[in-house]
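Novice: Shown below is the structure under consideration.
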Amino acid sequence: MNTRTDMNAQDPARDRAQNAAADPAKESASAHVSAVRRVWALREGRTGIILTGLVLLISVFGPLLAQPLTGFGPTEFADKPFQDSGIFGTDDLGRSVAARFLAGGLRLLCYSVLATALGLALGALLGIFAAYAGGVVDQIIMRINDVLLAIPQLVFALLAITVLGTHGWVLVTVIGITHAPRVARVARAATLGVIGEDYIRAAEMYAVPRWRIVVQEIAPNITGPLSVEAGLRLTYSIGTIASLSFLGLGMQPPVADWGLMINENRIALSVQPWGVLLPVAAIAVLTIGTNLLADAIARATANTNVEA
């Protein structure tokens, strides 16, 4: 009887241990929730989330709300050019400024995020590989990286777009490639500060495959610097794509795009400023929000690493 009682008393402890070992996904989810709470606890984190979320809502739901709210589609003619009719008046061709503004952020945002993700992935892989391999491999990769860094980003994008055309995949690929060298330098520097730690040496001593060391040990410990760099790269992606559209080498008319709107309506800035002010304000708010959010993520990640 006593033996059965002791076994029953040990069951809860044994069950908790089995559940923890059998379900590591719960621990991962709990870590993600904790990270989000840490970011939200920071003032810049809350501000960044609110500002970025506001522009994201406009970008995602704007195309669906443009017609119901304004009564016109982004390419429909509403009145004479540069009139005050409607919510924010009309643009250079008489289309609704409000409708084009609501419909103009999604494409810019998608291209910017894709270009940033591509540049971050390529740069992180190159930087981690260069630092972990070391020696001649490191020198070759970083010297090629320096050559690419010497080429101005906008000049390289203009050249590639002139040759390949103004397609969405060209914008994403070219801008992503121009981000990679800068991300690689940050990833390499962060990796050099990690590879000498005891847990890396222990993993190598137990003959853990290098790809697992990179994925499980190195990459999670350099997320702070990479998150800050991701915020900067997203900012530059937004600015570059908007600048190319402004120059006529990005999105093409009659597509609704914030950068294109600035170019189309700048000639009447003093008469009908909303066609310029609205997209400029949206791009500025998105830029500030993403940078604040990236800084908050870096601080939250650093605090987590210190506590661990």
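Please note that chains go A, B, ... in the order of the structure tokens, that every chain numbers its residues from 1, and that ligands are numbered from 1 in the order shown.
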At a cut-off of 9 Å, can you tabulate as JSON lines every residue of segment 81-195 of chain A near segment 268-288 of chain A together with its closest atom pair and the distance in Å to one decimal, using only C-alpha atoms and ordering rows by chain then number?

Specialist:
```
{"residue": "A:Phe82", "atom": "CA", "partner": "A:Gln272", "partner_atom": "CA", "distance": 5.7}
{"residue": "A:Gln83", "atom": "CA", "partner": "A:Gln272", "partner_atom": "CA", "distance": 7.3}
{"residue": "A:Asp84", "atom": "CA", "partner": "A:Gln272", "partner_atom": "CA", "distance": 7.6}
{"residue": "A:Phe88", "atom": "CA", "partner": "A:Trp274", "partner_atom": "CA", "distance": 6.1}
{"residue": "A:Gly89", "atom": "CA", "partner": "A:Gln272", "partner_atom": "CA", "distance": 7.4}
{"residue": "A:Thr90", "atom": "CA", "partner": "A:Gly275", "partner_atom": "CA", "distance": 7.7}
{"residue": "A:Asp91", "atom": "CA", "partner": "A:Gly275", "partner_atom": "CA", "distance": 6.2}
{"residue": "A:Asp92", "atom": "CA", "partner": "A:Ala268", "partner_atom": "CA", "distance": 8.0}
{"residue": "A:Val97", "atom": "CA", "partner": "A:Gly275", "partner_atom": "CA", "distance": 5.7}
{"residue": "A:Ala98", "atom": "CA", "partner": "A:Gly275", "partner_atom": "CA", "distance": 8.3}
{"residue": "A:Arg100", "atom": "CA", "partner": "A:Gly275", "partner_atom": "CA", "distance": 8.9}
{"residue": "A:Phe101", "atom": "CA", "partner": "A:Pro279", "partner_atom": "CA", "distance": 6.7}
{"residue": "A:Gly104", "atom": "CA", "partner": "A:Pro279", "partner_atom": "CA", "distance": 8.4}
{"residue": "A:Gly105", "atom": "CA", "partner": "A:Pro279", "partner_atom": "CA", "distance": 8.4}
```

Novice: With a distance cut-off of 10 Å and only C-alpha atoms, select the neighbouring residues of segment 220-229 of chain A, excluding the residue or stretch itself and same-chain residues fewer than 4 positions from it, and output the selection as a ChimeraX atom specification.

Specialist: /A:116,120,123-124,128,179,182-184,186-191,193-194,214-216,233-235,290-303,305

Novice: Work out how far atom CA of Gly231 of chain A is from atom CA of Thr47 of chain A, in Å to one decimal.

Specialist: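 Here the two named atoms are 14.4 Å from each other.
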
Novice: I'd like to know which of A:Gln139, A:Thr166, A:Ser237, A:Asn263 is closest to Leu249 of chain A, using only C-alpha atoms.

Specialist: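 Of A:Gln139, A:Thr166, A:Ser237, A:Asn263, the one nearest Leu249 of chain A, counting only C-alpha atoms, is A:Thr166.
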
Novice: Counting only C-alpha atoms, which of A:Leu247, A:Leu109, A:Leu164, A:Ala180 gets nearest to Thr52 of chain A?

Specialist: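 Answer, going by the shortest atom-to-atom distance: A:Leu109.
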
Novice: Applying 8 Å and only C-alpha atoms, which residues near Ala78 of chain A remain after dropping the ones on its own chain fewer than 2 positions away? List them as a short mmCIF file (atom, residue, chain, number, x, y, z; two decimals) with N, CA and C atoms, in the first residue's frame.

Specialist:
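Written out: part-v5.cif:
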```
data_model
loop_
_atom_site.label_atom_id
_atom_site.label_comp_id
_atom_site.auth_asym_id
_atom_site.auth_seq_id
_atom_site.Cartn_x
_atom_site.Cartn_y
_atom_site.Cartn_z
N PHE A 72 -14.37 55.69 -55.54
CA PHE A 72 -13.61 55.56 -56.78
C PHE A 72 -12.48 54.55 -56.58
N GLU A 76 -9.49 55.22 -61.38
CA GLU A 76 -10.67 55.87 -61.96
C GLU A 76 -10.55 57.38 -61.85
N LYS A 80 -11.60 66.97 -62.20
CA LYS A 80 -10.50 67.62 -62.89
C LYS A 80 -9.23 67.51 -62.06
N THR A 90 -7.98 65.55 -55.84
CA THR A 90 -7.58 64.73 -56.98
C THR A 90 -6.12 64.98 -57.33
N GLY A 94 -6.63 63.70 -62.25
CA GLY A 94 -8.01 63.76 -61.79
C GLY A 94 -8.47 62.53 -61.04
N ARG A 95 -7.56 61.68 -60.62
CA ARG A 95 -7.92 60.50 -59.85
C ARG A 95 -7.96 60.84 -58.36
N SER A 96 -8.69 60.05 -57.59
CA SER A 96 -8.84 60.30 -56.16
C SER A 96 -7.52 60.06 -55.43
#
```

Novice: As an exercise, work out the distance from atom CA of Ala157 of chain A to atom CA of Trp169 of chain A in Å and give it to one decimal place.

Specialist: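 Rounded to one decimal, the two atoms are 12.3 Å apart.
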
Novice: Do a neighbour search on Leu102 of chain A at 7 Å with only C-alpha atoms, toss out local chain neighbours closer than 6 positions, and write the hits as a PyMOL selection string.

Specialist: chain A and resi 58-59+62-63+66

Novice: Mind writing the picked residues with all heavy atoms as a PDB file, in the first residue's frame?

Specialist:
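Once everything was written out, this is selection21.pdb:
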```
ATOM      1  N   ILE A  58      -2.967  50.159 -42.914  1.00  0.00           N
ATOM      2  CA  ILE A  58      -3.322  50.942 -44.098  1.00  0.00           C
ATOM      3  C   ILE A  58      -2.898  50.217 -45.369  1.00  0.00           C
ATOM      4  O   ILE A  58      -3.639  50.158 -46.357  1.00  0.00           O
ATOM      5  CB  ILE A  58      -2.674  52.341 -44.021  1.00  0.00           C
ATOM      6  CG1 ILE A  58      -3.266  53.141 -42.862  1.00  0.00           C
ATOM      7  CG2 ILE A  58      -2.869  53.099 -45.335  1.00  0.00           C
ATOM      8  CD1 ILE A  58      -2.586  54.473 -42.636  1.00  0.00           C
ATOM      9  N   SER A  59      -1.707  49.635 -45.349  1.00  0.00           N
ATOM     10  CA  SER A  59      -1.183  48.974 -46.544  1.00  0.00           C
ATOM     11  C   SER A  59      -1.968  47.709 -46.894  1.00  0.00           C
ATOM     12  O   SER A  59      -2.246  47.448 -48.070  1.00  0.00           O
ATOM     13  CB  SER A  59       0.294  48.621 -46.348  1.00  0.00           C
ATOM     14  OG  SER A  59       1.062  49.784 -46.092  1.00  0.00           O
ATOM     15  N   GLY A  62      -5.999  48.837 -46.988  1.00  0.00           N
ATOM     16  CA  GLY A  62      -6.302  49.991 -47.830  1.00  0.00           C
ATOM     17  C   GLY A  62      -6.873  49.647 -49.187  1.00  0.00           C
ATOM     18  O   GLY A  62      -7.869  50.231 -49.621  1.00  0.00           O
ATOM     19  N   PRO A  63      -6.249  48.685 -49.924  1.00  0.00           N
ATOM     20  CA  PRO A  63      -6.802  48.337 -51.239  1.00  0.00           C
ATOM     21  C   PRO A  63      -8.243  47.842 -51.183  1.00  0.00           C
ATOM     22  O   PRO A  63      -9.006  48.043 -52.133  1.00  0.00           O
ATOM     23  CB  PRO A  63      -5.859  47.225 -51.723  1.00  0.00           C
ATOM     24  CG  PRO A  63      -4.576  47.495 -51.021  1.00  0.00           C
ATOM     25  CD  PRO A  63      -4.957  48.025 -49.679  1.00  0.00           C
ATOM     26  N   ALA A  66     -10.460  51.209 -50.401  1.00  0.00           N
ATOM     27  CA  ALA A  66     -10.355  52.389 -51.272  1.00  0.00           C
ATOM     28  C   ALA A  66     -11.674  52.702 -51.976  1.00  0.00           C
ATOM     29  O   ALA A  66     -12.164  53.833 -51.937  1.00  0.00           O
ATOM     30  CB  ALA A  66      -9.241  52.171 -52.291  1.00  0.00           C
TER      31      ALA A  66
END
```

Novice: Per DSSP on the backbone, what are the strand (DSSP E or B) residues of segment 8-216 of chain A, as a list in words?

Specialist: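 Matching residues for strand (DSSP E or B) in segment 8-216 of chain A are Phe77, Thr90, Arg95 and Ser96 of chain A.
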
Novice: If we count only C-alpha atoms, what is near segment 129-137 of chain A at a cut-off of 7 Å, once residues fewer than 3 positions away on the same chain are taken out, given as JSON, numbers by chain?

Specialist: {"A": [125, 126, 140, 141, 188, 191, 192]}
